[in-house]
Structures are given as structure tokens and as C-alpha cells.
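Trainee: A single structure is presented below for examination.
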Amino acid sequence: MAHSTHKDPMAKPVLIGGLALIGTTIFVLVSNLFSTIDRNSTKGAEDTSMAAAAADINLAPIGSVVTVDKSIVKEARSGEAVYNAVCTSCHAAGVLGAPKLDDKGAWEPRVAQTLKVLLDHATNGIRSMPARGGDPTITDEELVNTIVYMTGKAGFDLSADAKGQVPGSAAPAAAEQAAAPAEQAAPVAEQAAAPAEAPAAEQAAVAPAEQAAAPVAAAAIDGEKIYKGICFSCHDVGIAGSPKLGDKAAWAPRIATGNDAMYHNAINGKNVMPAKGGNPALSDDEVKAAVDFMVGKSQ
């Protein structure tokens with residue numbers, strides 16, 4: 001019996017169509033999967049640190065403003081401190097008629113003119129006494145403190161009168177003597193400036209070894225600092241005939257006498273100028289350093 005080998009002609013197209021459908025389905029599923037992943041994923045944020053840093057630089061202030069509370073003032077020095085720094089040179093020795101610190105008889109007529117008058121002359125100056133003793137940094141309050149201190153040492157208490165004082169107020173003309181050089185600094189270099197009128201024997205009294213050592217010792221001391229602390233009041237303005245700092249014509253005859261003669265006069269005093277400018281606390285070498293400074297500025 002013979003078997004038939006005839007195949008169904010529709011089988012092949014059906015198989016191909018099935019495969020195509022399966023491929024399409026797989027493509028669609030894969031495409032949807034990637035689309036879903038893309039939609040639900042979190043993308044990394046853009047790095048803006050550089051831009052932020054640049055913005056900070058552009059917005060940074062180009063300067064700063066410091067506010068100062070003007071109600072806060074520097075504490076005034078005591079009367080004793082100002083006296084020791086400026087006034088002692090004249091009032092310790094009574095230079096140019098200045099009343100000595102503890103001379104009650106000399107201070108009594110001045111105190112009688114009232115603190116207001118004393119303050120007016122101390123502020124504005126009178127006769128050979130420069131305004132504020134030649135030191136413009138002395139404040140009004142410090143002037144009052146100094147006058148109270150000096151009169152107190154002479155036995156007068158003006159502390160109660162000091163309250164409410166108005167510096168610079170008008171003073172009676174009759175009180176000219178009331179403010180005798182209260183803040184005047186002594187002319188230290190007047191001694192050094194005097195044209196060596198000291199007797200030869202006095203000048204010869206300085207030991208040769210001391211003379212030789214003096215320039216070396218004085219050179220190690222700040223003569224300018226000594227000058228600004230006590231000599232400037234007279235030698236800046238030429239009070240009582242003292243040669244002004246830098247006045248070559250005035251200093252020439254004094255310099256011609258030699259350092260030893262100028263040192264001798266500055267240390268021991270001469271005419272109206274007290275020894276060491278009225279400040280015995282200065283050492284000989286400090287006085288010599290001040291002389292060297294003034295000579296150097298006046299040659």
C-alpha cells in the first residue's frame with residue numbers, strides 16, 4: 001500500500017508570520033523596558049561648584065568700614081605724670097620766674113587769680129611760656145589735672161574748682177602772672193648752646209678719661225628722644241635766647257667751643273638754664289646724647 005508525501009502549502013507562511021510576530025513582540029517589550037528605565041531613572045545634577053565660587057568672588061566686598069565710637073576717649077594722664085614729663089624742668093628750679101612746685105609763697109598770688117585764669121594762660125601761653133607748655137598733645141583735661149597737682153603740692157586744694165572748667169575762657173588781664181610757665185619745658189640745650197663762658201678751671205675739671213668715653217656712651221643713647229621729651233619746648237621756638245634747632249648761625253659759635261664745653265654747661269647748668277634742664281633724673285650720658293643730636297641737626 002503506498003503512502004502519500006504531499007505537504008500542506010499553508011504551513012510555511014504561517015510559520016514565518018509567527019516568527020515575525022514573536023520578533024515584533026520582543027522588540028516592543030525591549031523598547032518599552034528601556035523607555036521605562038529612562039523615565040524612572042535619576043540623572044546626575046550638573047556640577048555648579050565652579051559657578052558658585054565665581055559668584056562668591058564677584059559678590060565679595062572690596063573693602064571694609066570700621067566704625068569708631070567717638071564717645072570713647074583716651075584716658076587723660078594724671079597731673080603728676082604731665083608734670084614729670086613736661087613741667088619739672090622749669091618748676092623744679094624756678095626757671096624764668098616759674099613758681100617752684102612746693103613754694104607756697106610763689107603760688108599764693110597765682111592761686112588767688114582762680115583756676116580759670118591759670119588754665120587760660122596754661123592753654124594759650126603767656127610771656128616766655130608757650131601754649132600748653134610747648135606740647136600740643138597735652139589735652140585740656142590734662143592741663144587742669146596738672147595745675148591742680150602743682151598747686152596741691154604748694155598747699156592749695158583746687159580740686160573742687162576743677163569740675164566744670166571750660167578751657168580757653170577769657171581771663172582778666174591783671175592775671176598775667178597767674179600762669180607763670182606752668183608747662184614750659186626747660187631749655188636743656190641752653191647750657192650746651194651758651195658760648196662756653198665757663199671758667200677754664202671748671203672745664204678742665206672733667207677727667208680726660210671721662211671726656212674720651214663720653215662720645216661713645218652718648219652714641220648708644222637716643223638723643224632725639226631726650227630732646228623731644230624735654231628740650232623741644234625752648235629750642236623749637238628759641239625761648240629765653242636758646243638757639244633754635246637747625247639754626248646754623250646761632251649754633252656755630254657754640255659748636256666752635258667744642259663738645260666738652262657744651263657738655264659741661266648742659267650737665268651743670270648756666271645762667272637761667274638749670275643743671276640737666278631741671279631734670280636730675282637724666283644721666284650725664286643722656287644729656288650729652290641730647291646735645292649731640294641738636295649739634296648734628298644744626299651744623
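Going by the C-alpha cells order, chains are called A, B, ..., each with residues numbered from 1, while ligands are numbered from 1 in the order shown.
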Near A:Leu115, within 8 Å and counting only C-alpha atoms, which residues show up once chain neighbours fewer than 4 positions away are dropped, as a list in words?
Mentor: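 These residues fall inside the cut-off: Val111, Leu119, Ile147, Leu158, Asp161 and Ala162 of chain A.
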Trainee: Between A:Asn145, A:Asn259, A:Thr151, A:Ser89, which one has atoms that come closest to A:Val295, using only C-alpha atoms?
Mentor: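 Closest to A:Val295 of all the choices is A:Asn259.
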Trainee: With DSSP run on the backbone, what are the helix (DSSP H, G or I) residues within stretch 65-120 of chain A? I'd like them as a ChimeraX atom specification.
Mentor: /A:79-91,95-97,104-111,115-120
Trainee: What gap, in Å, lies between atom CA of A:Leu101 and atom CA of A:Met150?
Mentor: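 Pair atom CA of A:Leu101 / atom CA of A:Met150 returns 5.8 Å.
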Trainee: Excluding same-chain residues fewer than 5 positions from A:Gln299, what lies within 9 Å of it counting only C-alpha atoms, as a ChimeraX atom specification?
Mentor: /A:246-249,251-252,255,294
Trainee: Write a file of the just-selected residues containing C-alpha atoms, as a PDB file, in the first residue's frame.
Mentor:
ATOM      1  CA  GLY A 246      68.672 123.732  62.933  1.00  0.00           C
ATOM      2  CA  ASP A 247      69.728 127.409  63.216  1.00  0.00           C
ATOM      3  CA  LYS A 248      73.315 127.104  61.962  1.00  0.00           C
ATOM      4  CA  ALA A 249      74.167 130.755  62.607  1.00  0.00           C
ATOM      5  CA  TRP A 251      74.820 127.244  66.861  1.00  0.00           C
ATOM      6  CA  ALA A 252      78.107 127.976  65.077  1.00  0.00           C
ATOM      7  CA  ILE A 255      79.853 124.394  68.368  1.00  0.00           C
ATOM      8  CA  MET A 294      70.997 119.108  68.439  1.00  0.00           C
TER       9      MET A 294
END
Trainee: Find the residues around A:Pro136 up to 10 Å (only C-alpha atoms counted), leave out those fewer than 5 positions away in its own chain, and share them as a PyMOL selection string.
Mentor: chain A and resi 123+130-131
Trainee: Dump C-alpha atoms for the selected residues as an mmCIF file, in the first residue's frame?
Mentor:
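Everything below was put into selection-v3.cif:
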data_model
loop_
_atom_site.group_PDB
_atom_site.id
_atom_site.type_symbol
_atom_site.label_atom_id
_atom_site.label_comp_id
_atom_site.auth_asym_id
_atom_site.auth_seq_id
_atom_site.Cartn_x
_atom_site.Cartn_y
_atom_site.Cartn_z
ATOM 1 C CA THR A 123 46.246 126.827 77.462
ATOM 2 C CA PRO A 130 54.452 128.575 75.222
ATOM 3 C CA ALA A 131 50.887 127.393 74.852
#
